[in-house]
Every structure is written in structure tokens, then in C-alpha cells.
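Peer 1: Following this message is one structure expressed as C-alpha cells.
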Amino acid sequence: MKEKQQPESPDLKEVICFCFGVELGAIREAVKKNNYKGVEQITRYCAAGGGCHGCQPDIRRIIDEARQEFGLDQMEAEKLEQAEKKSGSLPAIKMIRLVEKAIQEKINPLLKNEQIQVSLDEVNGDIVILKTNNELSPSLLNDVEAILKQDICNSIELKII
Ligand code: FES
């Protein structure tokens with residue numbers, strides 16, 4: 001007896017592409033192994049979808065489900081973020097958003113006891129200029145810079161006005 005309703009245990013032997021006899025398991029494996037995103041990639045790999053095209057919507061759905069199940073999109077996003085951090089070439093708008101997040105979540109809470117508050121004045125390449133209502137000690141300045149470098153980009157240069 002086959003329980004076809006269970007999404008957790010798909011029948012990997014189920015034929016998806018009847019033109020070429022390609023099974024569900026082969027398509028899922030191709031997505032996992034090669035990080036495929038498009039139906040045409042599957043067609044090039046194993047011909048599925050390249051005949052009558054009738055199975056293409058199913059292949060599309062299988063790709064989306066497999067990518068989610070294997071965490072492929074999440075992995076790509078993390079890799080991209082790491083690469084951006086290393087390269088020090090974050091787009092300005094992203095840099096601004098990350099600096100504001102760091103200020104709100106880490107920097108201002110850290111400075112609260114000293115009754116100091118900072119806000120973003122300007123981002124110019126890797127130079128981040130923060131405004132403050134009170135002077136920061138050298139050690140606090142180091143802490144703030146360390147937060148920005150750790151959370152956003154190692155090449156950040158901090159200036160306080
Ligand atoms: S059933 Fe897949 S191409 Fe025809």
C-alpha cells in the first residue's frame with residue numbers, strides 16, 4: 001500500500017517526464033548536486049522536459065521544493081553576504097541599512113550607560129561617519145568600530161563628529 005499523501009516521503013521512483021522516463025529522484029538529485037534553478041538546466045542534464053513540455057510545470061515545482069528542502073537558496077544568500085563582507089564593496093544602500101541596524105541593536109545599547117547616543121551621519125565608501133551627543137573614550141570608540149567591522153565589513157573606517 002502506497003501513501004501518496006505524505007509530503008515527507010515522496011516516491012522517488014515516480015516518473016515525472018514520460019517522454020524520457022525521468023523519475024522524481026533523478027530531478028531532485030540533479031538540483032541538489034548541481035544547484036540547479038531552472039527547468040532548462042534539468043532538460044540539459046537529463047532531457048526531462050525537452051519533449052512534449054507537458055512535465056515542465058511539475059519540474060518547476062520539484063526544483064522549488066528541492067531547493068527549499070536542501071536549503072540551497074539560504075546557502076547562496078549566506079555565501080553572498082560573506083563575499084560582500086570580505087570584499088568591502090557593499091552597495092551604499094545596504095551599508096546604510098546595516099549600520100543603522102548595528103547602531104540600534106548593539107552600539108546605542110552599549111553606550112547607554114555612558115548616556116551617549118550615536119546616529120548615522122554619512123556613509124562614503126567604507127568610511128562610516130557617526131554623530132554623537134557626547135565624546136567617546138578611545139576604548140568605546142574601538143568597541144564601536146569592532147562592532148561595525150564584525151557585523152558589516154572588515155574594511156570599515158569609523159569617524160565620529
Ligand atoms: S513528459 Fe516531459 S517532456 Fe514530455
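Within each chain, counting starts at residue 1; across the C-alpha cells, chains are named A, B, ... in the order shown, with ligands numbered 1 upward in that order.
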Taking only C-alpha atoms and all ligand atoms into account, which residues are within 12 Å of ligand 1, as an NGL selection string?
Peer 2: :A and (15-24 or 27 or 39-40 or 42-44 or 46-60)
Peer 1: Now that the selection is made, can you save its residues with C-alpha atoms as a PDB file, in the first residue's frame?
Peer 2:
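The result, written out as selection-v7.pdb:
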```pdb
ATOM      1  CA  VAL A  15       8.043   9.099 -13.286  1.00  0.00           C
ATOM      2  CA  ILE A  16       7.772  12.830 -13.881  1.00  0.00           C
ATOM      3  CA  CYS A  17       8.801  13.080 -17.501  1.00  0.00           C
ATOM      4  CA  PHE A  18       7.103  10.353 -19.545  1.00  0.00           C
ATOM      5  CA  CYS A  19       8.810  11.369 -22.777  1.00  0.00           C
ATOM      6  CA  PHE A  20      12.209  10.431 -21.360  1.00  0.00           C
ATOM      7  CA  GLY A  21      11.261   8.269 -18.389  1.00  0.00           C
ATOM      8  CA  VAL A  22      12.880  10.563 -15.823  1.00  0.00           C
ATOM      9  CA  GLU A  23      11.969   9.929 -12.222  1.00  0.00           C
ATOM     10  CA  LEU A  24      11.398  12.372  -9.379  1.00  0.00           C
ATOM     11  CA  ILE A  27      15.447  15.507 -10.799  1.00  0.00           C
ATOM     12  CA  VAL A  39      13.819  23.809 -15.884  1.00  0.00           C
ATOM     13  CA  GLU A  40      16.134  24.264 -18.874  1.00  0.00           C
ATOM     14  CA  ILE A  42      17.291  19.967 -15.848  1.00  0.00           C
ATOM     15  CA  THR A  43      16.486  19.434 -19.535  1.00  0.00           C
ATOM     16  CA  ARG A  44      20.132  19.859 -20.476  1.00  0.00           C
ATOM     17  CA  CYS A  46      18.805  14.586 -18.242  1.00  0.00           C
ATOM     18  CA  ALA A  47      16.455  15.575 -21.092  1.00  0.00           C
ATOM     19  CA  ALA A  48      13.401  15.790 -18.798  1.00  0.00           C
ATOM     20  CA  GLY A  49      11.056  18.471 -20.071  1.00  0.00           C
ATOM     21  CA  GLY A  50      12.635  18.544 -23.514  1.00  0.00           C
ATOM     22  CA  GLY A  51       9.965  16.529 -25.360  1.00  0.00           C
ATOM     23  CA  CYS A  52       6.293  17.475 -25.263  1.00  0.00           C
ATOM     24  CA  HIS A  53       6.981  20.020 -22.466  1.00  0.00           C
ATOM     25  CA  GLY A  54       3.974  18.663 -20.561  1.00  0.00           C
ATOM     26  CA  CYS A  55       6.008  17.945 -17.430  1.00  0.00           C
ATOM     27  CA  GLN A  56       7.698  21.330 -17.226  1.00  0.00           C
ATOM     28  CA  PRO A  57       5.299  22.751 -14.582  1.00  0.00           C
ATOM     29  CA  ASP A  58       5.971  19.665 -12.437  1.00  0.00           C
ATOM     30  CA  ILE A  59       9.725  20.046 -12.910  1.00  0.00           C
ATOM     31  CA  ARG A  60       9.447  23.722 -11.901  1.00  0.00           C
TER      32      ARG A  60
END
```
Peer 1: Pick the closest to Phe70 in chain A from A:Gln41, A:Asn124, A:Asn133, A:Asn34: which is it, counting only C-alpha atoms?
Peer 2: A:Asn34
Peer 1: Which is closest to Ile129 in chain A among A:Leu158, A:Ala66, A:Ala30, A:Leu12, if we use only C-alpha atoms?
Peer 2: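 Once distances to Ile129 in chain A are computed over only C-alpha atoms, the minimum belongs to A:Leu158.
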Peer 1: Give the strand (DSSP E) residues of range 82-139 of chain A, as DSSP finds them on the backbone, and put them as a list in words.
Peer 2: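 Secondary structure check on range 82-139 of chain A, strand (DSSP E): Val118, Ser119, Leu120, Asp121, Glu122, Val123, Asn124, Ile127, Val128, Ile129, Leu130, Lys131 and Thr132 of chain A.
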Peer 1: Emit the selected residues as a PDB file, in the first residue's frame, including C-alpha atoms.
Peer 2:
```pdb
ATOM      1  CA  VAL A 118      25.120  57.884  18.137  1.00  0.00           C
ATOM      2  CA  SER A 119      23.364  58.210  14.823  1.00  0.00           C
ATOM      3  CA  LEU A 120      24.463  57.767  11.253  1.00  0.00           C
ATOM      4  CA  ASP A 121      25.612  60.936   9.538  1.00  0.00           C
ATOM      5  CA  GLU A 122      27.066  59.627   6.311  1.00  0.00           C
ATOM      6  CA  VAL A 123      28.436  56.600   4.520  1.00  0.00           C
ATOM      7  CA  ASN A 124      31.085  57.233   1.915  1.00  0.00           C
ATOM      8  CA  ILE A 127      34.023  55.374   5.649  1.00  0.00           C
ATOM      9  CA  VAL A 128      31.196  55.489   8.177  1.00  0.00           C
ATOM     10  CA  ILE A 129      30.619  58.825   9.888  1.00  0.00           C
ATOM     11  CA  LEU A 130      28.617  58.783  13.096  1.00  0.00           C
ATOM     12  CA  LYS A 131      27.268  61.754  15.026  1.00  0.00           C
ATOM     13  CA  THR A 132      27.330  61.650  18.800  1.00  0.00           C
TER      14      THR A 132
END
```
